[in-house]
>>> print(open('data36.cif').read())   # mmCIF, N, CA and C atoms
data_entry
loop_
_atom_site.group_PDB
_atom_site.id
_atom_site.type_symbol
_atom_site.label_atom_id
_atom_site.label_comp_id
_atom_site.auth_asym_id
_atom_site.auth_seq_id
_atom_site.Cartn_x
_atom_site.Cartn_y
_atom_site.Cartn_z
ATOM 1 N N MET A 1 0.857 -1.176 0.000
ATOM 2 C CA MET A 1 0.000 0.000 0.000
ATOM 3 C C MET A 1 0.889 1.220 0.000
ATOM 4 N N PHE A 2 0.570 2.158 -0.844
ATOM 5 C CA PHE A 2 1.367 3.365 -0.985
ATOM 6 C C PHE A 2 0.429 4.548 -1.155
ATOM 7 N N MET A 3 0.663 5.618 -0.431
ATOM 8 C CA MET A 3 -0.178 6.802 -0.551
ATOM 9 C C MET A 3 0.712 8.017 -0.749
ATOM 10 N N ASP A 4 0.436 8.785 -1.803
ATOM 11 C CA ASP A 4 1.118 10.045 -2.074
ATOM 12 C C ASP A 4 0.187 11.187 -1.728
ATOM 13 N N ARG A 5 0.729 12.272 -1.296
ATOM 14 C CA ARG A 5 -0.052 13.496 -1.137
ATOM 15 C C ARG A 5 0.679 14.595 -1.886
ATOM 16 N N ILE A 6 0.024 15.162 -2.889
ATOM 17 C CA ILE A 6 0.654 16.171 -3.735
ATOM 18 C C ILE A 6 -0.181 17.439 -3.656
ATOM 19 N N ASN A 7 0.456 18.576 -3.511
ATOM 20 C CA ASN A 7 -0.267 19.858 -3.389
ATOM 21 C C ASN A 7 -0.355 20.582 -4.723
ATOM 22 N N GLY A 8 -1.354 21.481 -4.810
ATOM 23 C CA GLY A 8 -1.434 22.409 -5.925
ATOM 24 C C GLY A 8 -2.133 21.898 -7.168
ATOM 25 N N LEU A 9 -3.007 20.917 -7.081
ATOM 26 C CA LEU A 9 -3.684 20.398 -8.256
ATOM 27 C C LEU A 9 -5.171 20.702 -8.213
ATOM 28 N N PRO A 10 -5.873 20.627 -9.375
ATOM 29 C CA PRO A 10 -7.284 21.005 -9.428
ATOM 30 C C PRO A 10 -8.169 20.205 -8.482
ATOM 31 N N GLN A 11 -9.287 20.786 -8.127
ATOM 32 C CA GLN A 11 -10.218 20.181 -7.179
ATOM 33 C C GLN A 11 -11.093 19.136 -7.857
ATOM 34 N N GLY A 12 -11.588 18.184 -7.067
ATOM 35 C CA GLY A 12 -12.526 17.180 -7.545
ATOM 36 C C GLY A 12 -11.978 15.786 -7.401
ATOM 37 N N PRO A 13 -12.840 14.793 -7.136
ATOM 38 C CA PRO A 13 -12.361 13.423 -7.048
ATOM 39 C C PRO A 13 -12.124 12.836 -8.429
ATOM 40 N N TYR A 14 -11.057 12.123 -8.588
ATOM 41 C CA TYR A 14 -10.731 11.455 -9.837
ATOM 42 C C TYR A 14 -10.340 10.019 -9.531
ATOM 43 N N PHE A 15 -10.635 9.132 -10.444
ATOM 44 C CA PHE A 15 -10.301 7.727 -10.297
ATOM 45 C C PHE A 15 -9.379 7.342 -11.434
ATOM 46 N N VAL A 16 -8.238 6.769 -11.095
ATOM 47 C CA VAL A 16 -7.282 6.321 -12.098
ATOM 48 C C VAL A 16 -6.937 4.883 -11.786
ATOM 49 N N LYS A 17 -6.959 4.025 -12.793
ATOM 50 C CA LYS A 17 -6.659 2.614 -12.576
ATOM 51 C C LYS A 17 -5.601 2.187 -13.586
ATOM 52 N N THR A 18 -4.592 1.471 -13.126
ATOM 53 C CA THR A 18 -3.610 0.899 -14.028
ATOM 54 C C THR A 18 -3.639 -0.608 -13.861
ATOM 55 N N ASP A 19 -3.690 -1.346 -14.966
ATOM 56 C CA ASP A 19 -3.814 -2.797 -14.912
ATOM 57 C C ASP A 19 -2.562 -3.542 -15.361
ATOM 58 N N ALA A 20 -1.573 -2.839 -15.841
ATOM 59 C CA ALA A 20 -0.405 -3.521 -16.382
ATOM 60 C C ALA A 20 0.388 -4.199 -15.268
ATOM 61 N N PRO A 21 0.738 -5.497 -15.444
ATOM 62 C CA PRO A 21 1.588 -6.146 -14.447
ATOM 63 C C PRO A 21 2.944 -5.449 -14.388
ATOM 64 N N LEU A 22 3.528 -5.426 -13.225
ATOM 65 C CA LEU A 22 4.819 -4.781 -13.032
ATOM 66 C C LEU A 22 5.893 -5.844 -12.834
ATOM 67 N N ALA A 23 7.058 -5.613 -13.402
ATOM 68 C CA ALA A 23 8.177 -6.526 -13.193
ATOM 69 C C ALA A 23 9.132 -5.885 -12.199
ATOM 70 N N ASP A 24 9.624 -6.680 -11.242
ATOM 71 C CA ASP A 24 10.608 -6.134 -10.320
ATOM 72 C C ASP A 24 11.989 -6.278 -10.958
ATOM 73 N N LYS A 25 13.041 -5.900 -10.235
ATOM 74 C CA LYS A 25 14.392 -5.913 -10.793
ATOM 75 C C LYS A 25 14.845 -7.312 -11.210
ATOM 76 N N SER A 26 14.301 -8.353 -10.589
ATOM 77 C CA SER A 26 14.682 -9.719 -10.947
ATOM 78 C C SER A 26 13.957 -10.195 -12.202
ATOM 79 N N GLY A 27 12.967 -9.414 -12.670
ATOM 80 C CA GLY A 27 12.229 -9.784 -13.864
ATOM 81 C C GLY A 27 10.958 -10.564 -13.572
ATOM 82 N N SER A 28 10.713 -10.922 -12.296
ATOM 83 C CA SER A 28 9.493 -11.657 -11.979
ATOM 84 C C SER A 28 8.310 -10.703 -11.987
ATOM 85 N N MET A 29 7.147 -11.230 -12.314
ATOM 86 C CA MET A 29 5.957 -10.405 -12.431
ATOM 87 C C MET A 29 5.269 -10.251 -11.077
ATOM 88 N N LYS A 30 4.776 -9.057 -10.813
ATOM 89 C CA LYS A 30 3.991 -8.781 -9.613
ATOM 90 C C LYS A 30 2.524 -8.747 -10.010
ATOM 91 N N ARG A 31 1.656 -8.707 -9.004
ATOM 92 C CA ARG A 31 0.230 -8.528 -9.276
ATOM 93 C C ARG A 31 0.021 -7.174 -9.945
ATOM 94 N N PRO A 32 -1.072 -7.050 -10.717
ATOM 95 C CA PRO A 32 -1.349 -5.742 -11.333
ATOM 96 C C PRO A 32 -1.456 -4.641 -10.281
ATOM 97 N N GLN A 33 -0.871 -3.511 -10.589
ATOM 98 C CA GLN A 33 -0.886 -2.351 -9.701
ATOM 99 C C GLN A 33 -2.086 -1.493 -10.049
ATOM 100 N N ARG A 34 -2.793 -1.033 -9.049
ATOM 101 C CA ARG A 34 -3.952 -0.160 -9.243
ATOM 102 C C ARG A 34 -3.742 1.102 -8.419
ATOM 103 N N GLN A 35 -4.480 2.134 -8.777
ATOM 104 C CA GLN A 35 -4.405 3.347 -7.963
ATOM 105 C C GLN A 35 -5.739 4.079 -8.000
ATOM 106 N N LEU A 36 -6.028 4.721 -6.893
ATOM 107 C CA LEU A 36 -7.205 5.574 -6.751
ATOM 108 C C LEU A 36 -6.704 6.958 -6.379
ATOM 109 N N VAL A 37 -7.271 7.980 -6.992
ATOM 110 C CA VAL A 37 -6.804 9.348 -6.793
ATOM 111 C C VAL A 37 -7.957 10.222 -6.320
ATOM 112 N N LEU A 38 -7.693 11.050 -5.333
ATOM 113 C CA LEU A 38 -8.667 12.030 -4.853
ATOM 114 C C LEU A 38 -7.991 13.394 -4.833
ATOM 115 N N ASN A 39 -8.541 14.326 -5.614
ATOM 116 C CA ASN A 39 -8.086 15.722 -5.563
ATOM 117 C C ASN A 39 -9.033 16.466 -4.651
ATOM 118 N N LYS A 40 -8.470 17.103 -3.639
ATOM 119 C CA LYS A 40 -9.276 17.834 -2.656
ATOM 120 C C LYS A 40 -8.624 19.189 -2.434
ATOM 121 N N GLY A 41 -9.251 20.220 -2.973
ATOM 122 C CA GLY A 41 -8.664 21.549 -2.840
ATOM 123 C C GLY A 41 -7.281 21.578 -3.459
ATOM 124 N N ALA A 42 -6.308 22.004 -2.691
ATOM 125 C CA ALA A 42 -4.931 22.083 -3.178
ATOM 126 C C ALA A 42 -4.168 20.782 -2.951
ATOM 127 N N GLU A 43 -4.820 19.757 -2.415
ATOM 128 C CA GLU A 43 -4.148 18.497 -2.137
ATOM 129 C C GLU A 43 -4.625 17.399 -3.074
ATOM 130 N N LYS A 44 -3.725 16.468 -3.362
ATOM 131 C CA LYS A 44 -4.038 15.312 -4.192
ATOM 132 C C LYS A 44 -3.583 14.074 -3.426
ATOM 133 N N TYR A 45 -4.510 13.152 -3.198
ATOM 134 C CA TYR A 45 -4.207 11.907 -2.501
ATOM 135 C C TYR A 45 -4.198 10.777 -3.526
ATOM 136 N N ILE A 46 -3.105 10.041 -3.574
ATOM 137 C CA ILE A 46 -2.977 8.912 -4.499
ATOM 138 C C ILE A 46 -2.750 7.663 -3.673
ATOM 139 N N PHE A 47 -3.674 6.710 -3.789
ATOM 140 C CA PHE A 47 -3.557 5.438 -3.092
ATOM 141 C C PHE A 47 -3.223 4.366 -4.106
ATOM 142 N N ARG A 48 -2.055 3.739 -3.978
ATOM 143 C CA ARG A 48 -1.637 2.662 -4.877
ATOM 144 C C ARG A 48 -1.665 1.351 -4.098
ATOM 145 N N TYR A 49 -2.146 0.319 -4.784
ATOM 146 C CA TYR A 49 -2.248 -0.981 -4.129
ATOM 147 C C TYR A 49 -2.202 -2.080 -5.179
ATOM 148 N N GLU A 50 -1.861 -3.284 -4.741
ATOM 149 C CA GLU A 50 -1.838 -4.431 -5.636
ATOM 150 C C GLU A 50 -3.211 -5.080 -5.668
ATOM 151 N N GLN A 51 -3.589 -5.558 -6.838
ATOM 152 C CA GLN A 51 -4.852 -6.279 -6.970
ATOM 153 C C GLN A 51 -4.853 -7.436 -5.979
ATOM 154 N N GLY A 52 -5.977 -7.615 -5.286
ATOM 155 C CA GLY A 52 -6.083 -8.659 -4.281
ATOM 156 C C GLY A 52 -5.742 -8.193 -2.876
ATOM 157 N N ARG A 53 -5.280 -6.946 -2.744
ATOM 158 C CA ARG A 53 -4.924 -6.406 -1.431
ATOM 159 C C ARG A 53 -5.793 -5.195 -1.086
ATOM 160 N N GLU A 54 -7.040 -5.256 -1.533
ATOM 161 C CA GLU A 54 -7.970 -4.159 -1.310
ATOM 162 C C GLU A 54 -8.248 -3.940 0.172
ATOM 163 N N ASP A 55 -8.170 -5.021 0.968
ATOM 164 C CA ASP A 55 -8.389 -4.890 2.412
ATOM 165 C C ASP A 55 -7.360 -3.961 3.047
ATOM 166 N N GLU A 56 -6.128 -4.002 2.553
ATOM 167 C CA GLU A 56 -5.089 -3.111 3.070
ATOM 168 C C GLU A 56 -5.379 -1.664 2.683
ATOM 169 N N LEU A 57 -5.941 -1.467 1.497
ATOM 170 C CA LEU A 57 -6.330 -0.123 1.084
ATOM 171 C C LEU A 57 -7.394 0.425 2.027
ATOM 172 N N LEU A 58 -8.397 -0.384 2.338
ATOM 173 C CA LEU A 58 -9.451 0.071 3.258
ATOM 174 C C LEU A 58 -8.873 0.418 4.626
ATOM 175 N N ASP A 59 -7.928 -0.375 5.110
ATOM 176 C CA ASP A 59 -7.260 -0.058 6.385
ATOM 177 C C ASP A 59 -6.523 1.278 6.295
ATOM 178 N N ALA A 60 -5.866 1.525 5.152
ATOM 179 C CA ALA A 60 -5.133 2.782 4.966
ATOM 180 C C ALA A 60 -6.095 3.969 4.922
ATOM 181 N N LEU A 61 -7.268 3.776 4.315
ATOM 182 C CA LEU A 61 -8.261 4.858 4.286
ATOM 183 C C LEU A 61 -8.715 5.216 5.697
ATOM 184 N N ILE A 62 -8.931 4.202 6.516
ATOM 185 C CA ILE A 62 -9.321 4.438 7.908
ATOM 186 C C ILE A 62 -8.227 5.194 8.652
ATOM 187 N N ASP A 63 -6.985 4.759 8.476
ATOM 188 C CA ASP A 63 -5.858 5.416 9.134
ATOM 189 C C ASP A 63 -5.748 6.881 8.708
ATOM 190 N N GLN A 64 -5.918 7.142 7.410
ATOM 191 C CA GLN A 64 -5.832 8.522 6.916
ATOM 192 C C GLN A 64 -6.959 9.382 7.471
ATOM 193 N N ALA A 65 -8.171 8.824 7.525
ATOM 194 C CA ALA A 65 -9.312 9.598 8.031
ATOM 195 C C ALA A 65 -9.140 9.926 9.516
ATOM 196 N N LYS A 66 -8.496 9.052 10.258
ATOM 197 C CA LYS A 66 -8.254 9.283 11.692
ATOM 198 C C LYS A 66 -7.114 10.264 11.943
ATOM 199 N N ASP A 67 -6.216 10.434 10.968
ATOM 200 C CA ASP A 67 -5.028 11.262 11.130
ATOM 201 C C ASP A 67 -5.399 12.742 11.051
ATOM 202 N N LYS A 68 -5.305 13.440 12.145
ATOM 203 C CA LYS A 68 -5.686 14.854 12.220
ATOM 204 C C LYS A 68 -4.669 15.780 11.546
ATOM 205 N N ARG A 69 -3.518 15.246 11.125
ATOM 206 C CA ARG A 69 -2.502 16.070 10.472
ATOM 207 C C ARG A 69 -2.842 16.347 9.005
ATOM 208 N N THR A 70 -3.846 15.656 8.459
ATOM 209 C CA THR A 70 -4.236 15.869 7.060
ATOM 210 C C THR A 70 -5.685 16.336 6.996
ATOM 211 N N ASP A 71 -6.071 16.841 5.831
ATOM 212 C CA ASP A 71 -7.455 17.240 5.596
ATOM 213 C C ASP A 71 -8.294 16.081 5.055
ATOM 214 N N PHE A 72 -7.715 14.891 4.946
ATOM 215 C CA PHE A 72 -8.432 13.708 4.466
ATOM 216 C C PHE A 72 -9.397 13.269 5.567
ATOM 217 N N ASP A 73 -10.708 13.283 5.264
ATOM 218 C CA ASP A 73 -11.697 12.986 6.296
ATOM 219 C C ASP A 73 -12.513 11.744 5.927
ATOM 220 N N TRP A 74 -13.552 11.483 6.735
ATOM 221 C CA TRP A 74 -14.360 10.275 6.529
ATOM 222 C C TRP A 74 -15.132 10.327 5.217
ATOM 223 N N PHE A 75 -15.553 11.516 4.794
ATOM 224 C CA PHE A 75 -16.226 11.632 3.501
ATOM 225 C C PHE A 75 -15.275 11.249 2.375
ATOM 226 N N ASP A 76 -14.025 11.716 2.458
ATOM 227 C CA ASP A 76 -13.021 11.370 1.451
ATOM 228 C C ASP A 76 -12.793 9.858 1.417
ATOM 229 N N ALA A 77 -12.727 9.245 2.601
ATOM 230 C CA ALA A 77 -12.548 7.795 2.677
ATOM 231 C C ALA A 77 -13.731 7.085 2.018
ATOM 232 N N ALA A 78 -14.939 7.627 2.217
ATOM 233 C CA ALA A 78 -16.127 7.036 1.605
ATOM 234 C C ALA A 78 -16.081 7.163 0.080
ATOM 235 N N VAL A 79 -15.607 8.305 -0.423
ATOM 236 C CA VAL A 79 -15.498 8.498 -1.878
ATOM 237 C C VAL A 79 -14.531 7.480 -2.473
ATOM 238 N N ILE A 80 -13.371 7.337 -1.854
ATOM 239 C CA ILE A 80 -12.374 6.374 -2.362
ATOM 240 C C ILE A 80 -12.903 4.948 -2.229
ATOM 241 N N SER A 81 -13.547 4.651 -1.126
ATOM 242 C CA SER A 81 -14.131 3.321 -0.926
ATOM 243 C C SER A 81 -15.181 3.021 -2.000
ATOM 244 N N PHE A 82 -16.008 4.008 -2.336
ATOM 245 C CA PHE A 82 -17.013 3.851 -3.382
ATOM 246 C C PHE A 82 -16.349 3.575 -4.729
ATOM 247 N N LYS A 83 -15.296 4.322 -5.042
ATOM 248 C CA LYS A 83 -14.565 4.106 -6.296
ATOM 249 C C LYS A 83 -13.937 2.713 -6.326
ATOM 250 N N LEU A 84 -13.438 2.254 -5.182
ATOM 251 C CA LEU A 84 -12.891 0.902 -5.095
ATOM 252 C C LEU A 84 -13.977 -0.120 -5.394
ATOM 253 N N THR A 85 -15.152 0.077 -4.812
ATOM 254 C CA THR A 85 -16.277 -0.830 -5.047
ATOM 255 C C THR A 85 -16.652 -0.848 -6.522
ATOM 256 N N GLN A 86 -16.714 0.323 -7.158
ATOM 257 C CA GLN A 86 -17.017 0.381 -8.589
ATOM 258 C C GLN A 86 -15.988 -0.400 -9.399
ATOM 259 N N SER A 87 -14.738 -0.257 -9.042
ATOM 260 C CA SER A 87 -13.666 -0.966 -9.746
ATOM 261 C C SER A 87 -13.808 -2.475 -9.594
ATOM 262 N N LEU A 88 -14.099 -2.925 -8.377
ATOM 263 C CA LEU A 88 -14.249 -4.356 -8.130
ATOM 264 C C LEU A 88 -15.466 -4.921 -8.857
ATOM 265 N N ILE A 89 -16.553 -4.168 -8.912
ATOM 266 C CA ILE A 89 -17.729 -4.607 -9.654
ATOM 267 C C ILE A 89 -17.399 -4.732 -11.134
ATOM 268 N N GLY A 90 -16.660 -3.771 -11.664
ATOM 269 C CA GLY A 90 -16.235 -3.828 -13.064
ATOM 270 C C GLY A 90 -15.382 -5.044 -13.347
ATOM 271 N N CYS A 91 -14.460 -5.368 -12.440
ATOM 272 C CA CYS A 91 -13.614 -6.558 -12.597
ATOM 273 C C CYS A 91 -14.456 -7.829 -12.556
ATOM 274 N N ALA A 92 -15.418 -7.883 -11.636
ATOM 275 C CA ALA A 92 -16.278 -9.061 -11.519
ATOM 276 C C ALA A 92 -17.117 -9.234 -12.782
ATOM 277 N N GLU A 93 -17.659 -8.142 -13.307
ATOM 278 C CA GLU A 93 -18.450 -8.220 -14.527
ATOM 279 C C GLU A 93 -17.608 -8.710 -15.698
ATOM 280 N N GLN A 94 -16.379 -8.251 -15.776
ATOM 281 C CA GLN A 94 -15.472 -8.696 -16.842
ATOM 282 C C GLN A 94 -15.200 -10.194 -16.722
ATOM 283 N N LEU A 95 -14.961 -10.675 -15.512
ATOM 284 C CA LEU A 95 -14.729 -12.109 -15.303
ATOM 285 C C LEU A 95 -15.950 -12.928 -15.699
ATOM 286 N N LEU A 96 -17.143 -12.440 -15.375
ATOM 287 C CA LEU A 96 -18.367 -13.145 -15.747
ATOM 288 C C LEU A 96 -18.539 -13.190 -17.268
ATOM 289 N N ARG A 97 -18.237 -12.085 -17.953
ATOM 290 C CA ARG A 97 -18.318 -12.069 -19.423
ATOM 291 C C ARG A 97 -17.343 -13.072 -20.020
ATOM 292 N N GLU A 98 -16.111 -13.071 -19.499
ATOM 293 C CA GLU A 98 -15.105 -14.004 -20.005
ATOM 294 C C GLU A 98 -15.519 -15.450 -19.751
ATOM 295 N N ASP A 99 -16.110 -15.700 -18.582
ATOM 296 C CA ASP A 99 -16.562 -17.050 -18.239
ATOM 297 C C ASP A 99 -17.673 -17.500 -19.187
ATOM 298 N N LYS A 100 -18.631 -16.611 -19.471
ATOM 299 C CA LYS A 100 -19.712 -16.942 -20.392
ATOM 300 C C LYS A 100 -19.174 -17.233 -21.787
ATOM 301 N N GLU A 101 -18.196 -16.428 -22.228
ATOM 302 C CA GLU A 101 -17.593 -16.644 -23.556
ATOM 303 C C GLU A 101 -16.876 -17.991 -23.610
ATOM 304 N N MET A 102 -16.192 -18.338 -22.539
ATOM 305 C CA MET A 102 -15.464 -19.602 -22.492
ATOM 306 C C MET A 102 -16.447 -20.771 -22.528
ATOM 307 N N ILE A 103 -17.575 -20.654 -21.821
ATOM 308 C CA ILE A 103 -18.581 -21.712 -21.803
ATOM 309 C C ILE A 103 -19.190 -21.867 -23.189
ATOM 310 N N LYS A 104 -19.446 -20.749 -23.896
ATOM 311 C CA LYS A 104 -20.005 -20.798 -25.252
ATOM 312 C C LYS A 104 -19.062 -21.525 -26.213
ATOM 313 N N ASP A 105 -17.762 -21.282 -26.045
ATOM 314 C CA ASP A 105 -16.763 -21.856 -26.942
ATOM 315 C C ASP A 105 -16.580 -23.355 -26.747
ATOM 316 N N HIS A 106 -17.053 -23.897 -25.636
ATOM 317 C CA HIS A 106 -16.830 -25.331 -25.370
ATOM 318 C C HIS A 106 -18.064 -26.107 -25.552
#
>>> encode(input="data36.cif", output="structure tokens")
Amino acid sequence: MFMDRINGLPQGPYFVKTDAPLADKSGSMKRPQRQLVLNKGAEKYIFRYEQGREDELLDALIDQAKDKRTDFDWFDAAVISFKLTQSLIGCAEQLLREDKEMIKDH
């Protein structure tokens, strides 16, 4: 789990997802890397996580919302959580489509 905070960017929540597998220095493949982005005023929060480790992302959202040193609050955590849910639903729908296509082909 990785979270960036960048200042000075436009306002509004944005969702960015990357699906390309990443190779480490040894050349072995890692799980696909994903990221969720929230622009809030002059701050930008970027949460990066590996596919299958969404539970750690939710824990990080809770930790950020509890941290009084940032402007990231419970509403922001809910927005990111909602975007995560949308992403997971999209992945599930894609798997179901692929499964149906595979069944048709056999």
>>> closest_residue(input="data36.cif", among="A:Ile46, A:Leu36, A:Ile62, A:Leu96", to="A:Leu84", atoms="all atoms listed in the file")
A:Leu36
>>> atom_distance(input="data36.cif", atom1="atom C of A:Arg34", atom2="atom C of A:Asp63")
18.2 Å
>>> closest_residue(input="data36.cif", among="A:Lys68, A:Leu95, A:Leu38, A:Pro32", to="A:Gln51", atoms="all atoms listed in the file")
A:Pro32
>>> residues_around(input="data36.cif", residues="A:Ala77", least_positions_apart="2", cutoff="10 Å", atoms="only C-alpha atoms", output="PDB file with N, CA and C atoms, in the frame of the given file")
ATOM      1  N   LEU A  38      -7.693  11.050  -5.333  1.00  0.00           N
ATOM      2  CA  LEU A  38      -8.667  12.030  -4.853  1.00  0.00           C
ATOM      3  C   LEU A  38      -7.991  13.394  -4.833  1.00  0.00           C
ATOM      4  N   LEU A  58      -8.397  -0.384   2.338  1.00  0.00           N
ATOM      5  CA  LEU A  58      -9.451   0.071   3.258  1.00  0.00           C
ATOM      6  C   LEU A  58      -8.873   0.418   4.626  1.00  0.00           C
ATOM      7  N   ALA A  60      -5.866   1.525   5.152  1.00  0.00           N
ATOM      8  CA  ALA A  60      -5.133   2.782   4.966  1.00  0.00           C
ATOM      9  C   ALA A  60      -6.095   3.969   4.922  1.00  0.00           C
ATOM     10  N   LEU A  61      -7.268   3.776   4.315  1.00  0.00           N
ATOM     11  CA  LEU A  61      -8.261   4.858   4.286  1.00  0.00           C
ATOM     12  C   LEU A  61      -8.715   5.216   5.697  1.00  0.00           C
ATOM     13  N   ILE A  62      -8.931   4.202   6.516  1.00  0.00           N
ATOM     14  CA  ILE A  62      -9.321   4.438   7.908  1.00  0.00           C
ATOM     15  C   ILE A  62      -8.227   5.194   8.652  1.00  0.00           C
ATOM     16  N   ASP A  63      -6.985   4.759   8.476  1.00  0.00           N
ATOM     17  CA  ASP A  63      -5.858   5.416   9.134  1.00  0.00           C
ATOM     18  C   ASP A  63      -5.748   6.881   8.708  1.00  0.00           C
ATOM     19  N   GLN A  64      -5.918   7.142   7.410  1.00  0.00           N
ATOM     20  CA  GLN A  64      -5.832   8.522   6.916  1.00  0.00           C
ATOM     21  C   GLN A  64      -6.959   9.382   7.471  1.00  0.00           C
ATOM     22  N   ALA A  65      -8.171   8.824   7.525  1.00  0.00           N
ATOM     23  CA  ALA A  65      -9.312   9.598   8.031  1.00  0.00           C
ATOM     24  C   ALA A  65      -9.140   9.926   9.516  1.00  0.00           C
ATOM     25  N   PHE A  72      -7.715  14.891   4.946  1.00  0.00           N
ATOM     26  CA  PHE A  72      -8.432  13.708   4.466  1.00  0.00           C
ATOM     27  C   PHE A  72      -9.397  13.269   5.567  1.00  0.00           C
ATOM     28  N   ASP A  73     -10.708  13.283   5.264  1.00  0.00           N
ATOM     29  CA  ASP A  73     -11.697  12.986   6.296  1.00  0.00           C
ATOM     30  C   ASP A  73     -12.513  11.744   5.927  1.00  0.00           C
ATOM     31  N   TRP A  74     -13.552  11.483   6.735  1.00  0.00           N
ATOM     32  CA  TRP A  74     -14.360  10.275   6.529  1.00  0.00           C
ATOM     33  C   TRP A  74     -15.132  10.327   5.217  1.00  0.00           C
ATOM     34  N   PHE A  75     -15.553  11.516   4.794  1.00  0.00           N
ATOM     35  CA  PHE A  75     -16.226  11.632   3.501  1.00  0.00           C
ATOM     36  C   PHE A  75     -15.275  11.249   2.375  1.00  0.00           C
ATOM     37  N   VAL A  79     -15.607   8.305  -0.423  1.00  0.00           N
ATOM     38  CA  VAL A  79     -15.498   8.498  -1.878  1.00  0.00           C
ATOM     39  C   VAL A  79     -14.531   7.480  -2.473  1.00  0.00           C
ATOM     40  N   ILE A  80     -13.371   7.337  -1.854  1.00  0.00           N
ATOM     41  CA  ILE A  80     -12.374   6.374  -2.362  1.00  0.00           C
ATOM     42  C   ILE A  80     -12.903   4.948  -2.229  1.00  0.00           C
ATOM     43  N   SER A  81     -13.547   4.651  -1.126  1.00  0.00           N
ATOM     44  CA  SER A  81     -14.131   3.321  -0.926  1.00  0.00           C
ATOM     45  C   SER A  81     -15.181   3.021  -2.000  1.00  0.00           C
ATOM     46  N   PHE A  82     -16.008   4.008  -2.336  1.00  0.00           N
ATOM     47  CA  PHE A  82     -17.013   3.851  -3.382  1.00  0.00           C
ATOM     48  C   PHE A  82     -16.349   3.575  -4.729  1.00  0.00           C
ATOM     49  N   LYS A  83     -15.296   4.322  -5.042  1.00  0.00           N
ATOM     50  CA  LYS A  83     -14.565   4.106  -6.296  1.00  0.00           C
ATOM     51  C   LYS A  83     -13.937   2.713  -6.326  1.00  0.00           C
TER      52      LYS A  83
END
>>> axis_aligned_box(input="data36.cif", around="stretch 61-64 of chain A", padding_each_side="5 Å", output="AutoDock Vina command-line options")
--center_x -7.5 --center_y 6.6 --center_z 6.7 --size_x 13.6 --size_y 15.6 --size_z 14.8
>>> select_by_dssp(input="data36.cif", residues="stretch 13-103 of chain A", states="strand (DSSP E)", output="ChimeraX atom specification")
/A:13-14,33-40,43-50
>>> closest_residue(input="data36.cif", among="A:Glu56, A:Glu98, A:Asp71, A:Glu50", to="A:Gln33", atoms="only N, CA and C atoms")
A:Glu50
>>> atom_distance(input="data36.cif", atom1="atom CA of A:Ile89", atom2="atom CA of A:Asp55")
15.3 Å
